[in-house]
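structure31.cif follows; it contains mmCIF, C-alpha atoms.
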data_input
#
loop_
_atom_site.label_atom_id
_atom_site.label_comp_id
_atom_site.auth_asym_id
_atom_site.auth_seq_id
_atom_site.Cartn_x
_atom_site.Cartn_y
_atom_site.Cartn_z
CA MET V 1 15.26 -21.65 -2.70
CA THR V 2 11.58 -22.34 -2.49
CA ARG V 3 11.15 -25.18 -0.09
CA SER V 4 10.27 -28.38 -1.80
CA THR V 5 8.60 -29.99 1.20
CA THR V 6 5.85 -28.94 3.57
CA LYS V 7 7.05 -27.32 6.74
CA THR V 8 5.34 -28.54 9.91
CA GLU V 9 4.71 -25.88 12.55
CA THR V 10 6.04 -26.54 16.00
CA ALA V 11 3.73 -28.46 18.31
CA THR V 12 5.04 -26.58 21.35
CA PRO V 13 4.75 -22.90 20.47
CA HIS V 14 6.26 -20.14 22.57
CA TRP V 15 3.67 -18.35 24.71
CA ILE V 16 4.22 -15.18 22.70
CA GLU V 17 2.64 -16.86 19.68
CA TRP V 18 -0.59 -17.35 21.60
CA VAL V 19 -0.51 -13.81 23.03
CA THR V 20 0.03 -12.38 19.53
CA GLY V 21 -2.73 -14.63 18.19
CA ILE V 22 -5.22 -13.62 20.88
CA ILE V 23 -4.51 -9.89 20.45
CA SER V 24 -4.90 -10.33 16.68
CA ALA V 25 -8.18 -12.22 17.19
CA ALA V 26 -9.46 -9.34 19.31
CA LEU V 27 -8.50 -6.79 16.65
CA VAL V 28 -10.02 -8.79 13.78
CA GLY V 29 -13.12 -9.37 15.94
CA ALA V 30 -13.40 -5.62 16.57
CA LEU V 31 -13.12 -4.97 12.83
CA LEU V 32 -15.87 -7.48 12.06
CA ILE V 33 -18.12 -6.03 14.80
CA TRP V 34 -17.61 -2.52 13.38
CA LEU V 35 -18.48 -3.76 9.88
CA ALA V 36 -21.55 -5.60 11.20
CA TYR V 37 -22.66 -2.37 12.89
CA ASP V 38 -22.03 -0.53 9.63
CA ILE V 39 -24.27 -3.01 7.80
CA THR V 40 -27.13 -2.32 10.22
CA ARG V 41 -26.93 1.47 9.83
CA HIS V 42 -26.19 1.52 6.12
CA ASP V 43 -28.47 3.79 4.13
CA SER V 44 -28.07 3.83 0.36
CA SER V 45 -30.11 6.97 -0.26
CA ASP V 46 -28.75 9.86 -2.33
CA ALA V 47 -25.78 11.94 -1.28
CA GLN V 48 -26.41 15.23 0.51
CA PHE V 49 -23.96 18.06 0.88
CA ARG V 50 -23.45 21.01 3.17
CA VAL V 51 -21.22 23.77 1.78
CA ARG V 52 -19.84 26.59 3.89
CA ALA V 53 -17.90 29.58 2.61
CA GLY V 54 -14.73 30.41 4.50
CA ALA V 55 -12.21 33.19 4.47
CA VAL V 56 -11.78 35.64 1.60
CA ALA V 57 -8.25 36.58 0.60
CA VAL V 58 -6.87 39.02 -1.94
CA VAL V 59 -4.76 37.39 -4.64
CA SER V 60 -3.17 38.61 -7.81
CA GLY V 61 -5.96 39.69 -10.16
CA GLY V 62 -8.85 39.03 -7.80
CA PHE V 63 -10.08 37.31 -4.67
CA ARG V 64 -10.08 33.74 -3.43
CA VAL V 65 -12.83 32.24 -1.33
CA SER V 66 -12.15 29.01 0.48
CA PHE V 67 -15.02 26.69 1.28
CA ASP V 68 -15.67 23.42 3.06
CA ILE V 69 -17.95 20.74 1.70
CA ALA V 70 -19.36 17.98 3.88
CA ASN V 71 -21.14 14.91 2.60
CA ILE V 72 -23.66 14.34 5.39
CA SER V 73 -25.08 11.16 3.88
CA GLN V 74 -23.84 7.57 3.76
CA ALA V 75 -23.57 7.62 -0.02
CA SER V 76 -20.25 8.58 -1.57
CA ALA V 77 -20.25 10.88 -4.58
CA SER V 78 -17.90 11.47 -7.47
CA GLN V 79 -17.47 14.42 -9.85
CA VAL V 80 -19.02 16.72 -7.26
CA ARG V 81 -19.38 20.12 -8.88
CA VAL V 82 -19.51 23.11 -6.55
CA THR V 83 -20.52 26.47 -8.00
CA GLY V 84 -20.19 29.91 -6.49
CA HIS V 85 -22.41 32.72 -7.81
CA LEU V 86 -21.44 36.24 -6.86
CA LYS V 87 -23.75 39.25 -7.33
CA THR V 88 -22.00 42.48 -6.63
CA GLN V 89 -23.62 45.69 -5.40
CA SER V 90 -23.10 47.25 -8.81
CA GLY V 91 -25.40 44.60 -10.31
CA SER V 92 -22.78 42.55 -12.15
CA SER V 93 -22.48 38.85 -11.53
CA GLU V 94 -19.86 36.17 -11.99
CA SER V 95 -19.49 32.45 -11.31
CA ALA V 96 -16.70 30.09 -10.38
CA VAL V 97 -16.69 26.29 -10.35
CA ALA V 98 -14.67 23.65 -8.51
CA THR V 99 -15.01 19.91 -9.10
CA PHE V 100 -14.08 17.23 -6.59
CA ASP V 101 -13.15 13.81 -7.93
CA TYR V 102 -14.75 12.22 -4.86
CA VAL V 103 -16.46 13.30 -1.68
CA ALA V 104 -16.71 10.22 0.52
CA SER V 105 -19.71 9.43 2.69
CA GLU V 106 -19.68 11.32 5.99
CA ALA V 107 -16.48 13.07 4.95
CA GLN V 108 -15.36 16.66 4.54
CA ASP V 109 -13.19 18.30 1.95
CA HIS V 110 -11.92 21.73 1.17
CA GLY V 111 -11.81 23.82 -2.01
CA VAL V 112 -11.20 27.33 -3.33
CA LEU V 113 -13.07 29.55 -5.79
CA PHE V 114 -11.64 32.62 -7.51
CA PHE V 115 -13.54 35.82 -8.32
CA SER V 116 -12.48 39.08 -9.90
CA SER V 117 -14.80 41.14 -7.64
CA ASP V 118 -14.63 41.27 -3.86
CA PRO V 119 -17.16 38.75 -2.48
CA ARG V 120 -17.32 40.70 0.80
CA ASN V 121 -19.12 43.52 -1.05
CA GLY V 122 -21.72 41.33 -2.68
CA ASP V 123 -24.07 38.41 -2.36
CA LEU V 124 -22.18 35.09 -2.61
CA ASP V 125 -23.99 31.79 -2.97
CA ILE V 126 -21.89 28.60 -2.93
CA ARG V 127 -23.60 25.25 -3.38
CA ALA V 128 -23.13 21.74 -4.72
CA GLU V 129 -24.56 21.70 -8.20
CA SER V 130 -24.22 18.10 -9.36
CA TYR V 131 -22.56 14.76 -8.73
CA VAL V 132 -22.56 11.22 -10.06
CA ARG V 133 -22.56 7.96 -8.17
CA PRO V 134 -19.09 6.41 -8.17
CA MET L 1 27.57 -14.68 -19.75
CA ILE L 2 28.69 -14.75 -16.12
CA ALA L 3 29.09 -18.22 -14.75
CA SER L 4 28.26 -18.81 -11.11
CA ASN L 5 31.44 -20.69 -10.21
CA GLY L 6 33.18 -20.83 -6.87
CA ASN L 7 34.76 -17.41 -7.30
CA PRO L 8 33.15 -15.12 -4.68
CA ALA L 9 33.36 -12.07 -6.94
CA SER L 10 31.68 -13.95 -9.77
CA LYS L 11 28.95 -15.26 -7.48
CA PHE L 12 28.36 -11.78 -6.13
CA LEU L 13 28.12 -10.41 -9.67
CA VAL L 14 25.55 -13.06 -10.53
CA GLY L 15 23.62 -12.08 -7.42
CA LEU L 16 23.84 -8.45 -8.49
CA MET L 17 22.47 -9.26 -11.95
CA ARG L 18 19.64 -11.21 -10.38
CA GLY L 19 18.97 -8.21 -8.19
CA LEU L 20 18.80 -5.99 -11.25
CA ALA L 21 16.47 -8.44 -12.97
CA GLY L 22 14.34 -8.67 -9.82
CA ALA L 23 14.07 -4.90 -9.51
CA LEU L 24 12.88 -4.73 -13.12
CA LEU L 25 10.52 -7.69 -12.86
CA PHE L 26 8.88 -6.65 -9.61
CA ALA L 27 8.89 -2.88 -10.06
CA LEU L 28 8.07 -2.49 -13.75
CA PRO L 29 4.29 -2.63 -13.23
CA MET L 30 4.61 0.25 -10.77
CA LEU L 31 7.03 2.14 -12.99
CA MET L 32 4.35 2.00 -15.69
CA THR L 33 1.52 3.15 -13.42
CA MET L 34 0.44 6.75 -13.87
CA GLU L 35 -0.64 7.24 -10.26
CA MET L 36 2.87 6.36 -9.10
CA TRP L 37 4.33 9.10 -11.30
CA GLN L 38 1.81 11.62 -10.01
CA LEU L 39 2.64 10.79 -6.41
CA GLY L 40 5.97 12.50 -6.90
CA LEU L 41 4.12 15.70 -7.72
CA TYR L 42 1.75 15.96 -4.79
CA ALA L 43 2.63 13.54 -2.02
CA SER L 44 3.78 14.84 1.33
CA PRO L 45 7.60 15.02 1.53
CA SER L 46 7.52 13.94 5.20
CA ARG L 47 5.58 10.77 4.33
CA LEU L 48 7.97 10.04 1.47
CA LEU L 49 10.91 10.52 3.82
CA LEU L 50 9.36 8.13 6.36
CA LEU L 51 8.83 5.51 3.64
CA CYS L 52 12.44 5.84 2.50
CA VAL L 53 13.72 5.61 6.08
CA LEU L 54 11.55 2.58 6.93
CA ALA L 55 12.72 0.87 3.75
CA GLY L 56 16.18 0.60 5.36
CA PRO L 57 15.31 -1.84 8.18
CA LEU L 58 12.92 -3.71 5.88
CA LEU L 59 15.60 -4.29 3.25
CA TYR L 60 18.11 -5.16 5.97
CA GLY L 61 15.74 -7.76 7.42
CA LEU L 62 15.11 -9.22 3.98
CA ALA L 63 18.82 -9.23 3.20
CA ARG L 64 19.48 -11.22 6.38
CA ARG L 65 17.38 -13.96 4.84
CA ILE L 66 17.66 -13.56 1.08
CA GLY L 67 20.67 -11.38 0.28
CA PHE L 68 22.67 -11.41 -2.93
CA GLU L 69 24.82 -14.12 -1.47
CA ARG L 70 23.81 -16.62 1.15
CA ASN L 71 25.61 -14.71 3.85
CA VAL L 72 23.84 -13.84 7.01
CA SER L 73 26.37 -11.77 8.90
CA ARG L 74 25.10 -8.33 9.85
CA SER L 75 27.70 -6.42 7.88
CA GLN L 76 27.04 -8.44 4.73
CA ALA L 77 23.29 -8.08 5.15
CA LEU L 78 23.76 -4.34 5.55
CA ARG L 79 25.87 -4.30 2.40
CA ASP L 80 23.20 -6.26 0.49
CA ALA L 81 20.42 -3.97 1.73
CA VAL L 82 22.33 -0.85 0.64
CA ILE L 83 23.11 -2.39 -2.76
CA ALA L 84 19.47 -3.45 -3.25
CA TYR L 85 18.28 0.04 -2.39
CA ALA L 86 20.82 1.56 -4.75
CA LEU L 87 19.80 -0.86 -7.50
CA GLY L 88 16.19 0.13 -6.89
CA MET L 89 17.06 3.80 -7.28
CA VAL L 90 19.15 3.26 -10.42
CA VAL L 91 16.54 1.04 -12.08
CA SER L 92 13.73 3.46 -11.18
CA ALA L 93 15.60 6.52 -12.42
CA CYS L 94 16.69 4.83 -15.66
CA VAL L 95 13.26 3.42 -16.52
CA LEU L 96 11.44 6.65 -15.64
CA TRP L 97 13.93 8.59 -17.75
CA MET L 98 13.58 6.16 -20.67
CA PHE L 99 9.81 6.63 -20.51
CA GLY L 100 10.33 10.39 -20.74
CA LEU L 101 8.91 11.00 -17.28
CA LEU L 102 11.93 12.67 -15.75
CA ASP L 103 12.49 15.93 -17.54
CA GLU L 104 13.29 19.57 -17.05
CA THR L 105 9.63 20.63 -17.15
CA LEU L 106 9.34 19.28 -13.61
CA ASN L 107 11.36 20.84 -10.86
CA PHE L 108 14.28 18.87 -9.47
CA GLY L 109 12.44 17.96 -6.26
CA HIS L 110 9.56 16.36 -8.16
CA ASN L 111 11.98 14.27 -10.23
CA ILE L 112 13.69 13.08 -7.05
CA ALA L 113 10.37 12.34 -5.30
CA MET L 114 9.08 10.37 -8.29
CA THR L 115 12.22 8.23 -8.29
CA ALA L 116 12.26 7.85 -4.50
CA PHE L 117 8.70 6.47 -4.42
CA GLN L 118 9.59 3.84 -7.00
CA SER L 119 12.94 2.91 -5.49
CA VAL L 120 11.43 1.29 -2.39
CA PRO L 121 9.43 -1.45 -4.18
CA ALA L 122 12.25 -1.76 -6.74
CA GLY L 123 14.72 -2.31 -3.87
CA ILE L 124 12.47 -5.03 -2.43
CA GLY L 125 12.27 -6.50 -5.94
CA ALA L 126 16.06 -6.52 -6.17
CA LEU L 127 16.28 -8.69 -3.05
CA LEU L 128 13.38 -10.89 -4.13
CA GLY L 129 15.19 -11.35 -7.44
CA ARG L 130 18.02 -12.99 -5.58
CA SER L 131 15.57 -15.29 -3.90
CA GLN L 132 13.19 -16.10 -6.70
CA LEU L 133 15.22 -15.82 -9.88
CA GLY L 134 17.93 -18.09 -8.54
CA VAL L 135 15.77 -21.22 -8.38
CA HIS L 136 17.38 -22.79 -11.44
CA SER L 137 20.89 -22.68 -10.09
CA GLY L 138 21.66 -26.11 -8.75
CA ALA L 139 24.57 -24.93 -6.66
CA ASP L 140 22.48 -22.25 -5.00
CA GLU L 141 19.59 -24.63 -4.46
CA GLU L 142 21.85 -26.92 -2.52
CA GLN L 143 23.20 -23.99 -0.59
CA ASP L 144 19.75 -22.61 0.18
CA ASN L 145 18.59 -25.81 1.72
CA ASP L 146 20.99 -25.11 4.56
CA TYR L 147 18.66 -22.37 5.60
CA ASP L 148 15.50 -24.43 5.87
CA GLY L 149 13.96 -24.77 9.26
CA GLU L 150 15.66 -21.69 10.61
CA SER L 151 12.69 -19.39 10.47
CA GLY L 152 11.16 -18.69 13.83
CA TYR L 153 7.86 -17.09 14.65
CA PHE L 154 9.01 -13.50 14.27
CA ASN L 155 10.79 -14.46 11.10
CA GLU L 156 7.45 -15.66 9.72
CA LEU L 157 5.73 -12.44 10.83
CA PHE L 158 8.48 -10.34 9.27
CA MET L 159 8.19 -12.19 5.97
CA MET L 160 4.42 -11.69 6.02
CA LEU L 161 4.97 -7.98 6.64
CA ALA L 162 7.39 -7.75 3.72
CA GLY L 163 5.02 -9.64 1.40
CA ALA L 164 2.06 -7.51 2.46
CA LEU L 165 4.00 -4.28 2.01
CA PHE L 166 5.21 -5.27 -1.42
CA MET L 167 1.71 -6.09 -2.64
CA GLY L 168 0.32 -3.05 -0.85
CA LEU L 169 2.79 -0.69 -2.52
CA ASN L 170 1.83 -2.21 -5.86
CA VAL L 171 -1.87 -1.56 -5.51
CA ALA L 172 -2.35 1.28 -3.01
CA PRO L 173 -1.53 4.20 -5.33
CA THR L 174 -4.10 3.23 -7.97
CA GLU L 175 -7.34 5.13 -8.42
CA GLU L 176 -9.20 1.83 -8.53
CA MET L 177 -8.55 1.27 -4.82
CA ILE L 178 -10.53 4.36 -3.94
CA LEU L 179 -13.23 3.65 -6.50
CA ILE L 180 -13.80 0.13 -5.15
CA GLY L 181 -13.97 1.63 -1.66
CA TYR L 182 -16.81 3.90 -2.78
CA LYS L 183 -18.67 1.20 -4.66
CA VAL L 184 -18.82 -1.55 -2.04
CA ALA L 185 -21.56 -1.75 0.57
CA PRO L 186 -20.69 -2.66 4.20
CA ALA L 187 -21.92 -6.24 3.67
CA GLN L 188 -19.47 -6.66 0.81
CA THR L 189 -16.66 -5.19 2.93
CA PHE L 190 -17.50 -7.77 5.62
CA MET L 191 -17.26 -10.53 3.00
CA ILE L 192 -13.89 -9.21 1.82
CA VAL L 193 -12.50 -9.59 5.36
CA VAL L 194 -13.78 -13.17 5.64
CA THR L 195 -12.53 -14.02 2.14
CA SER L 196 -9.09 -12.53 2.85
CA LEU L 197 -8.75 -14.64 6.01
CA MET L 198 -9.83 -17.79 4.20
CA ILE L 199 -7.50 -17.23 1.25
CA MET L 200 -4.61 -16.42 3.55
CA HIS L 201 -5.07 -19.59 5.58
CA CYS L 202 -5.74 -21.86 2.58
CA PHE L 203 -2.73 -20.54 0.66
CA VAL L 204 -0.39 -21.74 3.37
CA TYR L 205 -2.12 -24.73 4.98
CA SER L 206 -4.70 -26.28 2.68
CA ILE L 207 -3.91 -26.29 -1.01
CA HIS L 208 -0.47 -27.86 -0.78
CA PHE L 209 1.53 -25.24 -2.57
CA ARG L 210 5.23 -25.85 -2.75
CA GLY L 211 6.68 -24.43 0.45
CA GLY L 212 3.34 -24.76 2.25
CA HIS L 213 3.04 -25.38 5.96
CA SER L 214 1.12 -27.99 7.91
CA ALA L 215 -0.24 -28.30 11.42
CA PRO L 216 1.68 -30.58 13.77
CA GLU L 217 0.29 -34.04 14.43
CA GLY L 218 -2.70 -34.03 16.76
CA LYS L 219 -3.16 -30.24 16.77
CA PRO L 220 -6.36 -28.72 15.36
CA ALA L 221 -6.19 -26.38 12.35
CA TRP L 222 -7.59 -23.44 14.31
CA HIS L 223 -4.38 -23.35 16.35
CA MET L 224 -2.51 -22.37 13.18
CA PHE L 225 -5.29 -19.93 12.31
CA VAL L 226 -4.87 -18.10 15.63
CA ARG L 227 -1.08 -18.29 15.82
CA PHE L 228 -0.27 -17.36 12.22
CA THR L 229 -3.21 -16.38 10.00
CA LEU L 230 -4.84 -13.84 12.33
CA PRO L 231 -1.56 -12.05 13.17
CA GLY L 232 -0.73 -12.14 9.46
CA TYR L 233 -4.07 -10.51 8.65
CA VAL L 234 -3.55 -7.81 11.27
CA LEU L 235 -0.07 -7.09 9.90
CA SER L 236 -1.47 -6.95 6.37
CA PHE L 237 -4.23 -4.59 7.50
CA LEU L 238 -1.78 -2.28 9.31
CA THR L 239 0.55 -2.36 6.32
CA SER L 240 -2.37 -1.42 4.08
CA VAL L 241 -3.29 1.49 6.35
CA TYR L 242 0.32 2.66 6.22
CA ALA L 243 0.54 2.35 2.42
CA LEU L 244 -2.74 4.21 1.92
CA TRP L 245 -1.67 6.92 4.35
CA THR L 246 1.69 7.31 2.60
CA PHE L 247 -0.04 7.72 -0.75
CA GLU L 248 -2.52 10.19 0.77
CA ARG L 249 -5.47 7.91 0.10
CA LEU L 250 -6.85 8.34 3.61
CA ASP L 251 -6.92 12.14 3.59
CA HIS L 252 -10.21 14.07 3.51
CA THR L 253 -12.33 11.02 4.05
CA SER L 254 -14.44 9.47 6.78
CA TRP L 255 -13.47 6.70 9.25
CA GLU L 256 -15.87 4.41 7.47
CA GLN L 257 -14.15 4.96 4.15
CA MET L 258 -10.70 4.64 5.70
CA ILE L 259 -11.60 1.23 7.11
CA THR L 260 -13.27 0.18 3.86
CA ALA L 261 -10.27 1.19 1.72
CA SER L 262 -7.91 -0.56 4.15
CA VAL L 263 -9.98 -3.75 4.09
CA ILE L 264 -9.96 -3.73 0.30
CA LEU L 265 -6.20 -3.23 0.09
CA THR L 266 -5.72 -5.92 2.74
CA LEU L 267 -7.09 -8.52 0.30
CA PRO L 268 -4.06 -8.36 -2.04
CA ALA L 269 -1.76 -7.58 0.89
CA ALA L 270 -2.92 -10.74 2.70
CA ILE L 271 -2.24 -12.79 -0.42
CA GLY L 272 1.20 -11.18 -0.59
CA ALA L 273 1.78 -12.04 3.07
CA ALA L 274 0.72 -15.65 2.59
CA SER L 275 2.79 -16.00 -0.57
CA ALA L 276 5.84 -14.66 1.25
CA ARG L 277 5.55 -17.54 3.73
CA LEU L 278 5.58 -19.95 0.81
CA VAL L 279 8.32 -18.60 -1.36
CA LEU L 280 10.79 -16.72 0.81
#

Go ahead and express the file in the form of C-alpha cells.
Amino acid sequence: MTRSTTKTETATPHWIEWVTGIISAALVGALLIWLAYDITRHDSSDAQFRVRAGAVAVVSGGFRVSFDIANISQASASQVRVTGHLKTQSGSSESAVATFDYVASEAQDHGVLFFSSDPRNGDLDIRAESYVRP
Amino acid sequence: MIASNGNPASKFLVGLMRGLAGALLFALPMLMTMEMWQLGLYASPSRLLLLCVLAGPLLYGLARRIGFERNVSRSQALRDAVIAYALGMVVSACVLWMFGLLDETLNFGHNIAMTAFQSVPAGIGALLGRSQLGVHSGADEEQDNDYDGESGYFNELFMMLAGALFMGLNVAPTEEMILIGYKVAPAQTFMIVVTSLMIMHCFVYSIHFRGGHSAPEGKPAWHMFVRFTLPGYVLSFLTSVYALWTFERLDHTSWEQMITASVILTLPAAIGAASARLVL
C-alpha cells in the first residue's frame, strides 16, 4: 500500500498546476506580508479593557444586565474578571462577577451579570477587575 | 481468525475489521479528549450539521482511492464511504458509552452531538485503517501496486486536504491551540509559517521517506514548491480555518488572533497533508 519507490512528478505539468501554484503563492505572500506588518505594529504593553453595560432584563428572581467587553490593546488576557457593583437608591449594595477564560487582543466579548435589585433604579458600575497574562 | 483468501465476502470482512481497527486507532485520542466531549454540549448545531454533510464527499473521495476493497467503481466507493461513516458512528458511540460519557444526565441531543463530532474523524480513520493497517498482507500489497501512478494533480490536492483535515480535527478542539495563539508574538507566527512550508516540502521531496516524491530530471526544486507545496499549504490553512470555525475557536476574537490560531493549526495540518501524499 505505501509506495516503496519514489514517485517522480511529471515534467510537463498541466497549466492548471501553475495557475493553482501562482494563486497559492499570492495567498501565502499576502499572509506573510500581513504577519510582517503585524510584527512592525506589535506592542507588548499591558492589556486594556473597555466595558459597556447593555440592556437590563427582568428574569426570575431578579434582573440581568448584559455587557460588552473590548480589549483595546494588542496584549491578550486570560481569567479576565469583570465585576458589577450596584448601589440602589435605598442605600443597599450588591455585586456580581463574571470571568472570561480569554479576551483576545483587539477583540470583543459579551457577558451577563445578575442582580436582585433593579439596576435601572440605582448606580451601576461595571469594570474589569483583574486578569492574568496567558 | 478471518483469513483473507479469494472469497470476496471474506476479503470484505477483513476490510471491515481493518476499518474498525482504523477507526479505533485514529479516533481514540480524540475520543479521550475532554474538549471533544464538551463540543457536543455547546457547539452550534448548524456547524455540526455542515461537518457531517461535508464528511460524505470526503469519505467518498477517500473510498475511491482506499476503500475496504480495492474497488474503484462509484457504487462500491459509495458503499465503502457509508460503511466507514457508520463504523465511525458505532465506534464513537460505543467508546463514549464505555467511558461513561453518554448518559441520561445529558439530554438526547447532546449525546447525539457528542457522537456526531467524533464520528467524522473516526470514519476517516476507518478508511485509513484499510489503507494503513493492510500493509502486511502480501496479497493486498500486490493488488495495491496496480494503483500506483494513477494519482493526478487533483488527486494529490484531495489527499492533502484529507490529511490536513484529519490532523486539524485532532488538534483544533484543544484548549492548547487557543493558548498558543495568545502566547506567540507576530514574529513567532511568521516563523511558524516558514517552518510549516519547509517541513511540508522536505517531508515529500527531501528526506527520502518511503512513498516520497522527486522532481523530474532537469527541473528545479522550486517548480515542485510552487506546484504542490504552496497549494498544499493554502489547503491546509483553509482546512484549519474551517476546523477552528466548526469548533467555535474563531468566535469573539480579533482578525489578528484568527489568523494566528489558523497559522498555528496549519503546522500540524501541513504535516498531515504532506504525510497523506506519502502514505495514501

Contact set, chain V to chain L: 9 Å, all atoms listed in the file, as a ChimeraX atom specification: /V:1-11,13-14,17-25,27-28,31-32,35-40,42,44,75-78,102-110,133-134

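Going from atom CA of L:Cys52 over to atom CA of L:Leu101, you cover 20.7 Å.
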
Explicit residue set for the PyMOL selection byres ((chain V and resi 113) around 9), as a ChimeraX atom specification: /V:63-67,83-84,95-98,111-112,114-115

Test item: which residues lie within 12 Å of (8.1, 9.7, -18.3) counting all atoms listed in the file, as a list of chain:residue names: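 Final list of nearby residues, as requested, is L:Leu31, L:Met32, L:Thr33, L:Met34, L:Met36, L:Trp37, L:Gln38, L:Gly40, L:Ser92, L:Ala93, L:Cys94, L:Val95, L:Leu96, L:Trp97, L:Met98, L:Phe99, L:Gly100, L:Leu101, L:Leu102, L:Asp103, L:Glu104, L:Thr105, L:Leu106, L:Asn111, L:Met114, L:Thr115.
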
Could you work out an axis-aligned box for stretch 39-43 of chain V, taking every atom the file lists and adding 4 Å on each side, and report centre and edge lengths in Å to one decimal, as JSON?
{"center_x": -26.4, "center_y": 0.4, "center_z": 7.2, "size_x": 12.2, "size_y": 14.8, "size_z": 14.1}

Shortest interatomic distance to V:Ala47 - which of V:Ser73, V:Gln79, V:Ser117, V:Ser92, counting all atoms listed in the file: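 Using all atoms listed in the file, the shortest distance to V:Ala47 belongs to V:Ser73.
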
Nearest residue to L:Asn170 from the set L:Ala27, L:Ser44, L:Ile112, L:Leu39 (distances using only C-alpha atoms): L:Ala27

Of the listed residues V:Ile33, V:Val58, V:Arg127, V:Ile72, that which approaches V:Ser45 most closely, counting all atoms listed in the file: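 The answer is V:Ile72, which sits nearest to V:Ser45.
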
Non-local contacts of L:Ala269 (10 Å; all atoms listed in the file; under 2 positions in same chain excluded) as a PyMOL selection string: chain L and resi 160-172+196+200+232-233+235-240+262-267+271-275

One-decimal distance in Å that lies between atom CA of V:Asp68 and atom CA of V:Lys87: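 Spanning atom CA of V:Lys87 to atom CA of V:Asp68 is a straight-line distance of 20.6 Å.
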
Interatomic distance, atom CA of L:Val120 to atom CA of L:Gly88 (Å, one decimal):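 Spanning atom CA of L:Val120 to atom CA of L:Gly88 is a straight-line distance of 6.7 Å.
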
Would you list the contacts of V:Ser130 as a PDB file with C-alpha atoms, keeping the file's coordinate frame, taking every protein, DNA or RNA residue within 8 Å and counting all atoms listed in the file, but skipping same-chain residues closer than 4 positions in sequence?
ATOM      1  CA  GLN V  79     -17.470  14.420  -9.850  1.00  0.00           C
ATOM      2  CA  VAL V  80     -19.020  16.720  -7.260  1.00  0.00           C
ATOM      3  CA  ARG V  81     -19.380  20.120  -8.880  1.00  0.00           C
ATOM      4  CA  VAL V  82     -19.510  23.110  -6.550  1.00  0.00           C
TER       5      VAL V  82
END

Provide stretch 158-175 of chain L rebuilt to N, CA and C atoms, formatted as an mmCIF file, keeping the file's coordinate frame.
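Listing of selection_24.cif after writing:
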data_model
loop_
_atom_site.group_PDB
_atom_site.id
_atom_site.type_symbol
_atom_site.label_atom_id
_atom_site.label_comp_id
_atom_site.auth_asym_id
_atom_site.auth_seq_id
_atom_site.Cartn_x
_atom_site.Cartn_y
_atom_site.Cartn_z
ATOM 1 N N PHE L 158 7.745 -11.327 10.057
ATOM 2 C CA PHE L 158 8.480 -10.340 9.270
ATOM 3 C C PHE L 158 8.286 -10.592 7.772
ATOM 4 N N MET L 159 8.363 -11.869 7.373
ATOM 5 C CA MET L 159 8.190 -12.190 5.970
ATOM 6 C C MET L 159 6.781 -11.834 5.496
ATOM 7 N N MET L 160 5.793 -12.064 6.374
ATOM 8 C CA MET L 160 4.420 -11.690 6.020
ATOM 9 C C MET L 160 4.318 -10.176 5.838
ATOM 10 N N LEU L 161 4.977 -9.443 6.730
ATOM 11 C CA LEU L 161 4.970 -7.980 6.640
ATOM 12 C C LEU L 161 5.582 -7.521 5.324
ATOM 13 N N ALA L 162 6.714 -8.129 4.969
ATOM 14 C CA ALA L 162 7.390 -7.750 3.720
ATOM 15 C C ALA L 162 6.504 -8.069 2.508
ATOM 16 N N GLY L 163 5.897 -9.248 2.516
ATOM 17 C CA GLY L 163 5.020 -9.640 1.400
ATOM 18 C C GLY L 163 3.822 -8.727 1.294
ATOM 19 N N ALA L 164 3.238 -8.398 2.445
ATOM 20 C CA ALA L 164 2.060 -7.510 2.460
ATOM 21 C C ALA L 164 2.439 -6.123 1.968
ATOM 22 N N LEU L 165 3.577 -5.628 2.414
ATOM 23 C CA LEU L 165 4.000 -4.280 2.010
ATOM 24 C C LEU L 165 4.273 -4.227 0.514
ATOM 25 N N PHE L 166 4.901 -5.267 0.016
ATOM 26 C CA PHE L 166 5.210 -5.270 -1.420
ATOM 27 C C PHE L 166 3.928 -5.226 -2.248
ATOM 28 N N MET L 167 2.979 -6.076 -1.899
ATOM 29 C CA MET L 167 1.710 -6.090 -2.640
ATOM 30 C C MET L 167 0.955 -4.778 -2.420
ATOM 31 N N GLY L 168 1.016 -4.296 -1.179
ATOM 32 C CA GLY L 168 0.320 -3.050 -0.850
ATOM 33 C C GLY L 168 0.865 -1.878 -1.656
ATOM 34 N N LEU L 169 2.187 -1.792 -1.767
ATOM 35 C CA LEU L 169 2.790 -0.690 -2.520
ATOM 36 C C LEU L 169 2.427 -0.789 -4.008
ATOM 37 N N ASN L 170 2.221 -2.008 -4.468
ATOM 38 C CA ASN L 170 1.830 -2.210 -5.860
ATOM 39 C C ASN L 170 0.456 -1.640 -6.155
ATOM 40 N N VAL L 171 -0.460 -1.839 -5.222
ATOM 41 C CA VAL L 171 -1.870 -1.560 -5.510
ATOM 42 C C VAL L 171 -2.366 -0.240 -4.908
ATOM 43 N N ALA L 172 -1.813 0.132 -3.752
ATOM 44 C CA ALA L 172 -2.350 1.280 -3.010
ATOM 45 C C ALA L 172 -2.428 2.582 -3.806
ATOM 46 N N PRO L 173 -1.464 2.893 -4.676
ATOM 47 C CA PRO L 173 -1.530 4.200 -5.330
ATOM 48 C C PRO L 173 -2.620 4.297 -6.398
ATOM 49 N N THR L 174 -3.185 3.184 -6.824
ATOM 50 C CA THR L 174 -4.100 3.230 -7.970
ATOM 51 C C THR L 174 -5.457 3.840 -7.612
ATOM 52 N N GLU L 175 -6.025 4.494 -8.577
ATOM 53 C CA GLU L 175 -7.340 5.130 -8.420
ATOM 54 C C GLU L 175 -8.413 4.080 -8.130
#
